[in-house]
Amino acid sequence: MNIMYEKLKPYLMLMPTMIIIVGVFLSGICVLIAQSFGYFPEIGLTEPTTKYFKEVFSSPSFRCSLMLSLRISLISTLGSVIVGVFISYIIIKSNKLVNAKKLISRVPVLVPHIIAAIIAYNFLSATGILSRILYNLNIIDDFNKFPILIFDRFGVGTIFAYIWKGAPYVSMVTYAVLKKVDREYMDMTLNLGATTRQYFWHVLLPLIYPTILSSFIILFAFSFSAFEIPFLLGSTVPRALPVLAYHEYSAGDLLRRPYSMVINFIITFICIIMAFFYKKSIDLINKYNR
C-alpha cells in the first residue's frame, strides 16, 4: 500500500494544479468550437451553423492573411534551420573558444520575442543600423532610398526577427547531436577520398536530419500561430493570421466574434497537424538512436 502511495504521490500533489490548467484549457477549446459554429447565447446566437466558416474561407482578406502567415513561417523556419545548422557546424569544427561561441550563439534564445521585434526594428527601419551603414558606405545617398523592410506586406522584418530567434535554437539542438558524432567518421570518410562537403552532406546531415525535422516543425508551428512579432512589425494589409484573429476579436461589434473564433479554430487545427508530424519526427529520432 505504501509503495503504491509513493508512486502516486507526485501525481496526487500535481493534481490540483493540473485540474485548473486542464480545466481552463478545455473550457477555452469548448468556447472556441462553440462560438466558431455560431453558438453565442450572450448575443442571441443559439443555432449552430457553418455560415461563419463559409464566409471566412470565401473572404479575400482571410486568404491573403493565410498565405502571408504560411510564407512567413516557411521562409523564417527554413532560414532558421539553415543558419542554425551552419552555426553548430562551425562551432564543432573550431577548437578555439568553443564555450564562448556557444554562449554567444544562444543569447537570442533567452531574449523575449518583444525584444527581438525591437531589435529588428532598430536594425531594419529606414533610419536604423543597416541603413546607416549603407549610407556611410555611400551605397545610398538618402535614407528615403532605403527599402521598406518594416511594416511591409512581405513580412521581411517579421522573418528577420524569427530567424534571429529560431537559428540559435536549431544550433543548440543540432550541436548536441553533432557533438556525439564520432571523429572517426570524418577521418574514415576523408581517407576514402571524400571531401569535407561530401562528408557534411552524406554523413553528418543524415545523422542530424531527424533533429532538423523536429526543430522545423516546432518553429513552423510557433511562427504560424505567434502574435507579438507580426503585430509589432507586420503590415496592416494584409495582416498575419493571428493578428487578423485579434482584430476581429477586439472589434466593437460582438457579432464579429465568431469570425475571430473561426480563424483561431483554423490556426489551432493546423498546429494540431504540426504536432502530429512532430510526434512522427520524434519516433524517427528514436529509431535513429537505437
# chains A, B, ... in the order shown; residues from 1 in each chain; ligands from 1
$ select_by_dssp --residues "segment 25-163 of chain A" --states "helix (DSSP H, G or I)" --output "ChimeraX atom specification"
/A:25-36,41-43,51-57,60-93,98-110,113-124,129-136,143-145,156-163
$ residues_around --residues "segment 77-87 of chain A" --least-positions-apart "3" --cutoff "12 Å" --atoms "only C-alpha atoms" --output "MDAnalysis selection string"
chainID A and resid 69:74 90:94 98 101:102 104:106 108:109 158:178 200:201 204:205 208:209 211:224
$ residues_around --residues "Ser225 of chain A" --least-positions-apart "3" --cutoff "12 Å" --atoms "only C-alpha atoms" --output "MDAnalysis selection string"
chainID A and resid 66 69:70 72:73 218:222 228:231 240:246 263:272 274
$ write_last_selection --atoms "N, CA, C and O atoms" --output "short mmCIF file (atom, residue, chain, number, x, y, z; two decimals), in the first residue's frame"
data_model
loop_
_atom_site.label_atom_id
_atom_site.label_comp_id
_atom_site.auth_asym_id
_atom_site.auth_seq_id
_atom_site.Cartn_x
_atom_site.Cartn_y
_atom_site.Cartn_z
N LEU A 66 -3.78 34.17 -44.68
CA LEU A 66 -3.31 32.78 -44.59
C LEU A 66 -2.03 32.59 -45.40
O LEU A 66 -1.06 31.98 -44.91
N SER A 69 0.91 34.33 -43.61
CA SER A 69 1.39 33.58 -42.45
C SER A 69 2.16 32.33 -42.87
O SER A 69 3.20 32.01 -42.28
N LEU A 70 1.65 31.63 -43.87
CA LEU A 70 2.36 30.45 -44.36
C LEU A 70 3.71 30.83 -44.95
O LEU A 70 4.72 30.13 -44.73
N ILE A 72 5.58 33.56 -44.30
CA ILE A 72 6.48 33.99 -43.22
C ILE A 72 7.00 32.79 -42.44
O ILE A 72 8.21 32.69 -42.16
N SER A 73 6.12 31.87 -42.10
CA SER A 73 6.51 30.69 -41.32
C SER A 73 7.49 29.82 -42.09
O SER A 73 8.51 29.36 -41.53
N ILE A 218 8.55 22.46 -34.94
CA ILE A 218 8.32 23.31 -33.77
C ILE A 218 8.33 24.78 -34.16
O ILE A 218 7.43 25.55 -33.79
N LEU A 219 9.36 25.19 -34.89
CA LEU A 219 9.49 26.60 -35.26
C LEU A 219 8.37 27.04 -36.22
O LEU A 219 7.87 28.16 -36.12
N PHE A 220 8.01 26.15 -37.15
CA PHE A 220 6.95 26.49 -38.10
C PHE A 220 5.63 26.70 -37.36
O PHE A 220 4.92 27.69 -37.61
N ALA A 221 5.29 25.78 -36.46
CA ALA A 221 4.04 25.90 -35.72
C ALA A 221 4.03 27.16 -34.86
O ALA A 221 3.01 27.85 -34.77
N PHE A 222 5.16 27.46 -34.25
CA PHE A 222 5.22 28.65 -33.39
C PHE A 222 5.07 29.92 -34.20
O PHE A 222 4.26 30.80 -33.86
N GLU A 228 2.93 38.29 -31.28
CA GLU A 228 3.62 39.53 -30.91
C GLU A 228 4.38 40.18 -32.06
O GLU A 228 4.16 41.36 -32.39
N ILE A 229 5.27 39.40 -32.69
CA ILE A 229 6.14 39.98 -33.72
C ILE A 229 5.35 40.44 -34.95
O ILE A 229 5.57 41.56 -35.42
N PRO A 230 4.42 39.63 -35.50
CA PRO A 230 3.63 40.16 -36.62
C PRO A 230 2.80 41.38 -36.25
O PRO A 230 2.60 42.27 -37.08
N PHE A 231 2.35 41.45 -35.02
CA PHE A 231 1.56 42.60 -34.57
C PHE A 231 2.42 43.85 -34.50
O PHE A 231 1.97 44.95 -34.87
N ALA A 240 -1.09 39.27 -40.64
CA ALA A 240 -0.84 37.87 -40.36
C ALA A 240 -2.08 37.26 -39.72
O ALA A 240 -2.89 37.98 -39.10
N LEU A 241 -2.24 35.97 -39.83
CA LEU A 241 -3.47 35.31 -39.40
C LEU A 241 -3.78 35.54 -37.91
O LEU A 241 -4.93 35.86 -37.57
N PRO A 242 -2.81 35.39 -36.99
CA PRO A 242 -3.14 35.66 -35.58
C PRO A 242 -3.54 37.12 -35.34
O PRO A 242 -4.39 37.39 -34.50
N VAL A 243 -2.93 38.04 -36.08
CA VAL A 243 -3.27 39.46 -35.93
C VAL A 243 -4.66 39.71 -36.47
O VAL A 243 -5.43 40.50 -35.90
N LEU A 244 -5.02 39.05 -37.56
CA LEU A 244 -6.38 39.18 -38.10
C LEU A 244 -7.41 38.66 -37.10
O LEU A 244 -8.47 39.26 -36.92
N ALA A 245 -7.09 37.54 -36.45
CA ALA A 245 -8.00 37.00 -35.44
C ALA A 245 -8.17 37.97 -34.28
O ALA A 245 -9.29 38.18 -33.79
N TYR A 246 -7.07 38.58 -33.86
CA TYR A 246 -7.15 39.57 -32.77
C TYR A 246 -7.97 40.78 -33.19
O TYR A 246 -8.76 41.32 -32.41
N ILE A 263 -11.13 31.78 -37.26
CA ILE A 263 -9.71 31.93 -37.60
C ILE A 263 -8.84 31.24 -36.56
O ILE A 263 -7.87 30.53 -36.90
N ASN A 264 -9.19 31.40 -35.29
CA ASN A 264 -8.44 30.70 -34.23
C ASN A 264 -8.58 29.19 -34.34
O ASN A 264 -7.64 28.44 -34.06
N PHE A 265 -9.76 28.75 -34.73
CA PHE A 265 -10.00 27.32 -34.94
C PHE A 265 -9.07 26.79 -36.04
O PHE A 265 -8.47 25.72 -35.90
N ILE A 266 -8.93 27.53 -37.12
CA ILE A 266 -8.07 27.11 -38.22
C ILE A 266 -6.61 27.08 -37.78
O ILE A 266 -5.87 26.14 -38.09
N ILE A 267 -6.19 28.10 -37.05
CA ILE A 267 -4.81 28.13 -36.53
C ILE A 267 -4.56 26.93 -35.62
O ILE A 267 -3.52 26.25 -35.73
N THR A 268 -5.51 26.66 -34.74
CA THR A 268 -5.37 25.52 -33.82
C THR A 268 -5.32 24.21 -34.58
O THR A 268 -4.50 23.33 -34.27
N PHE A 269 -6.18 24.06 -35.58
CA PHE A 269 -6.21 22.83 -36.37
C PHE A 269 -4.88 22.59 -37.08
O PHE A 269 -4.35 21.47 -37.07
N ILE A 270 -4.33 23.63 -37.67
CA ILE A 270 -3.04 23.49 -38.36
C ILE A 270 -1.93 23.15 -37.36
O ILE A 270 -1.06 22.31 -37.65
N CYS A 271 -1.96 23.75 -36.18
CA CYS A 271 -0.95 23.45 -35.16
C CYS A 271 -1.09 22.01 -34.66
O CYS A 271 -0.08 21.36 -34.34
N ILE A 272 -2.31 21.50 -34.59
CA ILE A 272 -2.51 20.10 -34.19
C ILE A 272 -1.91 19.17 -35.24
O ILE A 272 -1.27 18.16 -34.91
N MET A 274 0.61 19.91 -37.14
CA MET A 274 2.05 20.01 -36.96
C MET A 274 2.51 19.19 -35.74
O MET A 274 3.59 18.61 -35.76
#
$ residues_around --residues "Gly155 of chain A" --least-positions-apart "5" --cutoff "8 Å" --atoms "only C-alpha atoms" --output "PyMOL selection string"
chain A and resi 68+72+149-150+230+233-235
$ residues_around --residues "segment 250-257 of chain A" --least-positions-apart "5" --cutoff "9 Å" --atoms "only C-alpha atoms" --output "MDAnalysis selection string"
chainID A and resid 35:36 40 43 45 245 262
$ write_last_selection --atoms "N, CA and C atoms" --output "PDB file, in the first residue's frame"
ATOM      1  N   GLN A  35     -18.355  29.000 -30.353  1.00  0.00           N
ATOM      2  CA  GLN A  35     -18.544  30.300 -30.998  1.00  0.00           C
ATOM      3  C   GLN A  35     -18.170  30.268 -32.471  1.00  0.00           C
ATOM      4  N   SER A  36     -17.206  29.426 -32.849  1.00  0.00           N
ATOM      5  CA  SER A  36     -16.862  29.338 -34.271  1.00  0.00           C
ATOM      6  C   SER A  36     -18.012  28.747 -35.088  1.00  0.00           C
ATOM      7  N   PHE A  40     -23.453  31.439 -29.565  1.00  0.00           N
ATOM      8  CA  PHE A  40     -23.009  32.534 -28.694  1.00  0.00           C
ATOM      9  C   PHE A  40     -24.255  33.129 -28.037  1.00  0.00           C
ATOM     10  N   ILE A  43     -25.197  36.945 -27.093  1.00  0.00           N
ATOM     11  CA  ILE A  43     -25.629  37.958 -28.062  1.00  0.00           C
ATOM     12  C   ILE A  43     -26.788  37.450 -28.921  1.00  0.00           C
ATOM     13  N   LEU A  45     -27.144  34.328 -30.354  1.00  0.00           N
ATOM     14  CA  LEU A  45     -26.857  33.304 -31.357  1.00  0.00           C
ATOM     15  C   LEU A  45     -26.965  31.941 -30.688  1.00  0.00           C
ATOM     16  N   ALA A 245      -7.090  37.541 -36.451  1.00  0.00           N
ATOM     17  CA  ALA A 245      -7.998  36.996 -35.437  1.00  0.00           C
ATOM     18  C   ALA A 245      -8.170  37.968 -34.278  1.00  0.00           C
ATOM     19  N   VAL A 262     -13.417  31.388 -35.701  1.00  0.00           N
ATOM     20  CA  VAL A 262     -13.161  30.525 -36.856  1.00  0.00           C
ATOM     21  C   VAL A 262     -11.692  30.582 -37.237  1.00  0.00           C
TER      22      VAL A 262
END
$ atom_distance --atom1 "atom CA of Asp152 of chain A" --atom2 "atom CA of Asn122 of chain A"
15.1 Å
$ closest_residue --among "A:Met261, A:Ile114, A:Ile129, A:Leu192" --to "Leu232 of chain A" --atoms "only C-alpha atoms"
A:Ile114
$ closest_residue --among "A:Ser131, A:Lys51, A:Asn144, A:Met67" --to "Tyr39 of chain A" --atoms "only C-alpha atoms"
A:Lys51
$ closest_residue --among "A:Pro258, A:Pro48, A:Pro238, A:Gly157" --to "Tyr121 of chain A" --atoms "only C-alpha atoms"
A:Gly157
$ atom_distance --atom1 "atom CA of Val31 of chain A" --atom2 "atom CA of Thr236 of chain A"
27.5 Å
$ decode --residues "segment 34-48 of chain A" --atoms "all heavy atoms" --output "PDB file, in the first residue's frame"
ATOM      1  N   ALA A  34     -17.590  26.278 -29.894  1.00  0.00           N
ATOM      2  CA  ALA A  34     -18.995  26.703 -29.868  1.00  0.00           C
ATOM      3  C   ALA A  34     -19.194  28.005 -30.633  1.00  0.00           C
ATOM      4  O   ALA A  34     -20.086  28.110 -31.487  1.00  0.00           O
ATOM      5  CB  ALA A  34     -19.451  26.855 -28.416  1.00  0.00           C
ATOM      6  N   GLN A  35     -18.355  29.000 -30.353  1.00  0.00           N
ATOM      7  CA  GLN A  35     -18.544  30.300 -30.998  1.00  0.00           C
ATOM      8  C   GLN A  35     -18.170  30.268 -32.471  1.00  0.00           C
ATOM      9  O   GLN A  35     -18.741  31.013 -33.274  1.00  0.00           O
ATOM     10  CB  GLN A  35     -17.724  31.363 -30.261  1.00  0.00           C
ATOM     11  CG  GLN A  35     -18.253  31.668 -28.867  1.00  0.00           C
ATOM     12  CD  GLN A  35     -17.553  32.846 -28.219  1.00  0.00           C
ATOM     13  OE1 GLN A  35     -16.746  33.525 -28.844  1.00  0.00           O
ATOM     14  NE2 GLN A  35     -17.860  33.093 -26.949  1.00  0.00           N
ATOM     15  N   SER A  36     -17.206  29.426 -32.849  1.00  0.00           N
ATOM     16  CA  SER A  36     -16.862  29.338 -34.271  1.00  0.00           C
ATOM     17  C   SER A  36     -18.012  28.747 -35.088  1.00  0.00           C
ATOM     18  O   SER A  36     -18.147  29.042 -36.279  1.00  0.00           O
ATOM     19  CB  SER A  36     -15.588  28.498 -34.456  1.00  0.00           C
ATOM     20  OG  SER A  36     -15.803  27.153 -34.052  1.00  0.00           O
ATOM     21  N   PHE A  37     -18.844  27.922 -34.439  1.00  0.00           N
ATOM     22  CA  PHE A  37     -20.023  27.379 -35.117  1.00  0.00           C
ATOM     23  C   PHE A  37     -21.282  28.203 -34.831  1.00  0.00           C
ATOM     24  O   PHE A  37     -22.401  27.736 -35.041  1.00  0.00           O
ATOM     25  CB  PHE A  37     -20.253  25.922 -34.704  1.00  0.00           C
ATOM     26  CG  PHE A  37     -19.332  24.965 -35.401  1.00  0.00           C
ATOM     27  CD1 PHE A  37     -18.170  24.532 -34.789  1.00  0.00           C
ATOM     28  CD2 PHE A  37     -19.614  24.506 -36.683  1.00  0.00           C
ATOM     29  CE1 PHE A  37     -17.318  23.656 -35.429  1.00  0.00           C
ATOM     30  CE2 PHE A  37     -18.770  23.636 -37.330  1.00  0.00           C
ATOM     31  CZ  PHE A  37     -17.603  23.201 -36.710  1.00  0.00           C
ATOM     32  N   GLY A  38     -21.076  29.421 -34.346  1.00  0.00           N
ATOM     33  CA  GLY A  38     -22.189  30.355 -34.217  1.00  0.00           C
ATOM     34  C   GLY A  38     -23.030  30.199 -32.972  1.00  0.00           C
ATOM     35  O   GLY A  38     -24.122  30.775 -32.904  1.00  0.00           O
ATOM     36  N   TYR A  39     -22.549  29.471 -31.963  1.00  0.00           N
ATOM     37  CA  TYR A  39     -23.318  29.336 -30.723  1.00  0.00           C
ATOM     38  C   TYR A  39     -22.758  30.339 -29.718  1.00  0.00           C
ATOM     39  O   TYR A  39     -21.710  30.125 -29.107  1.00  0.00           O
ATOM     40  CB  TYR A  39     -23.230  27.921 -30.168  1.00  0.00           C
ATOM     41  CG  TYR A  39     -24.067  27.717 -28.928  1.00  0.00           C
ATOM     42  CD1 TYR A  39     -25.450  27.566 -29.011  1.00  0.00           C
ATOM     43  CD2 TYR A  39     -23.466  27.684 -27.671  1.00  0.00           C
ATOM     44  CE1 TYR A  39     -26.210  27.401 -27.877  1.00  0.00           C
ATOM     45  CE2 TYR A  39     -24.233  27.509 -26.532  1.00  0.00           C
ATOM     46  CZ  TYR A  39     -25.603  27.367 -26.634  1.00  0.00           C
ATOM     47  OH  TYR A  39     -26.356  27.201 -25.502  1.00  0.00           O
ATOM     48  N   PHE A  40     -23.453  31.439 -29.565  1.00  0.00           N
ATOM     49  CA  PHE A  40     -23.009  32.534 -28.694  1.00  0.00           C
ATOM     50  C   PHE A  40     -24.255  33.129 -28.037  1.00  0.00           C
ATOM     51  O   PHE A  40     -24.737  34.197 -28.418  1.00  0.00           O
ATOM     52  CB  PHE A  40     -22.272  33.575 -29.529  1.00  0.00           C
ATOM     53  CG  PHE A  40     -21.437  34.538 -28.736  1.00  0.00           C
ATOM     54  CD1 PHE A  40     -20.683  35.512 -29.383  1.00  0.00           C
ATOM     55  CD2 PHE A  40     -21.400  34.516 -27.348  1.00  0.00           C
ATOM     56  CE1 PHE A  40     -19.912  36.420 -28.676  1.00  0.00           C
ATOM     57  CE2 PHE A  40     -20.627  35.402 -26.632  1.00  0.00           C
ATOM     58  CZ  PHE A  40     -19.891  36.358 -27.293  1.00  0.00           C
ATOM     59  N   PRO A  41     -24.824  32.437 -27.016  1.00  0.00           N
ATOM     60  CA  PRO A  41     -26.112  32.856 -26.435  1.00  0.00           C
ATOM     61  C   PRO A  41     -26.107  34.275 -25.880  1.00  0.00           C
ATOM     62  O   PRO A  41     -27.158  34.924 -25.841  1.00  0.00           O
ATOM     63  CB  PRO A  41     -26.336  31.832 -25.305  1.00  0.00           C
ATOM     64  CG  PRO A  41     -25.487  30.666 -25.676  1.00  0.00           C
ATOM     65  CD  PRO A  41     -24.297  31.222 -26.380  1.00  0.00           C
ATOM     66  N   GLU A  42     -24.959  34.766 -25.437  1.00  0.00           N
ATOM     67  CA  GLU A  42     -24.891  36.093 -24.830  1.00  0.00           C
ATOM     68  C   GLU A  42     -25.332  37.195 -25.794  1.00  0.00           C
ATOM     69  O   GLU A  42     -25.779  38.267 -25.346  1.00  0.00           O
ATOM     70  CB  GLU A  42     -23.465  36.388 -24.344  1.00  0.00           C
ATOM     71  CG  GLU A  42     -23.032  35.577 -23.133  1.00  0.00           C
ATOM     72  CD  GLU A  42     -22.564  34.177 -23.497  1.00  0.00           C
ATOM     73  OE1 GLU A  42     -22.615  33.819 -24.696  1.00  0.00           O
ATOM     74  OE2 GLU A  42     -22.154  33.430 -22.593  1.00  0.00           O
ATOM     75  N   ILE A  43     -25.197  36.945 -27.093  1.00  0.00           N
ATOM     76  CA  ILE A  43     -25.629  37.958 -28.062  1.00  0.00           C
ATOM     77  C   ILE A  43     -26.788  37.450 -28.921  1.00  0.00           C
ATOM     78  O   ILE A  43     -27.076  37.996 -29.981  1.00  0.00           O
ATOM     79  CB  ILE A  43     -24.457  38.397 -28.962  1.00  0.00           C
ATOM     80  CG1 ILE A  43     -23.882  37.210 -29.741  1.00  0.00           C
ATOM     81  CG2 ILE A  43     -23.377  39.076 -28.155  1.00  0.00           C
ATOM     82  CD1 ILE A  43     -22.837  37.616 -30.768  1.00  0.00           C
ATOM     83  N   GLY A  44     -27.417  36.370 -28.457  1.00  0.00           N
ATOM     84  CA  GLY A  44     -28.608  35.877 -29.131  1.00  0.00           C
ATOM     85  C   GLY A  44     -28.377  34.857 -30.227  1.00  0.00           C
ATOM     86  O   GLY A  44     -29.308  34.515 -30.947  1.00  0.00           O
ATOM     87  N   LEU A  45     -27.144  34.328 -30.354  1.00  0.00           N
ATOM     88  CA  LEU A  45     -26.857  33.304 -31.357  1.00  0.00           C
ATOM     89  C   LEU A  45     -26.965  31.941 -30.688  1.00  0.00           C
ATOM     90  O   LEU A  45     -26.114  31.561 -29.881  1.00  0.00           O
ATOM     91  CB  LEU A  45     -25.460  33.505 -31.948  1.00  0.00           C
ATOM     92  CG  LEU A  45     -25.204  34.830 -32.671  1.00  0.00           C
ATOM     93  CD1 LEU A  45     -23.757  34.926 -33.143  1.00  0.00           C
ATOM     94  CD2 LEU A  45     -26.157  34.984 -33.864  1.00  0.00           C
ATOM     95  N   THR A  46     -28.024  31.220 -30.991  1.00  0.00           N
ATOM     96  CA  THR A  46     -28.267  29.932 -30.334  1.00  0.00           C
ATOM     97  C   THR A  46     -28.362  28.769 -31.312  1.00  0.00           C
ATOM     98  O   THR A  46     -28.504  27.622 -30.890  1.00  0.00           O
ATOM     99  CB  THR A  46     -29.566  29.995 -29.511  1.00  0.00           C
ATOM    100  OG1 THR A  46     -30.647  30.377 -30.373  1.00  0.00           O
ATOM    101  CG2 THR A  46     -29.433  31.011 -28.382  1.00  0.00           C
ATOM    102  N   GLU A  47     -28.291  29.042 -32.609  1.00  0.00           N
ATOM    103  CA  GLU A  47     -28.408  27.987 -33.616  1.00  0.00           C
ATOM    104  C   GLU A  47     -27.031  27.707 -34.234  1.00  0.00           C
ATOM    105  O   GLU A  47     -26.466  28.577 -34.891  1.00  0.00           O
ATOM    106  CB  GLU A  47     -29.392  28.392 -34.718  1.00  0.00           C
ATOM    107  CG  GLU A  47     -30.827  28.535 -34.260  1.00  0.00           C
ATOM    108  CD  GLU A  47     -31.419  27.200 -33.842  1.00  0.00           C
ATOM    109  OE1 GLU A  47     -30.980  26.169 -34.389  1.00  0.00           O
ATOM    110  OE2 GLU A  47     -32.311  27.187 -32.975  1.00  0.00           O
ATOM    111  N   PRO A  48     -26.471  26.503 -34.009  1.00  0.00           N
ATOM    112  CA  PRO A  48     -25.179  26.172 -34.627  1.00  0.00           C
ATOM    113  C   PRO A  48     -25.257  26.252 -36.154  1.00  0.00           C
ATOM    114  O   PRO A  48     -26.255  25.847 -36.758  1.00  0.00           O
ATOM    115  CB  PRO A  48     -24.927  24.738 -34.161  1.00  0.00           C
ATOM    116  CG  PRO A  48     -25.737  24.586 -32.918  1.00  0.00           C
ATOM    117  CD  PRO A  48     -26.971  25.433 -33.145  1.00  0.00           C
TER     118      PRO A  48
END
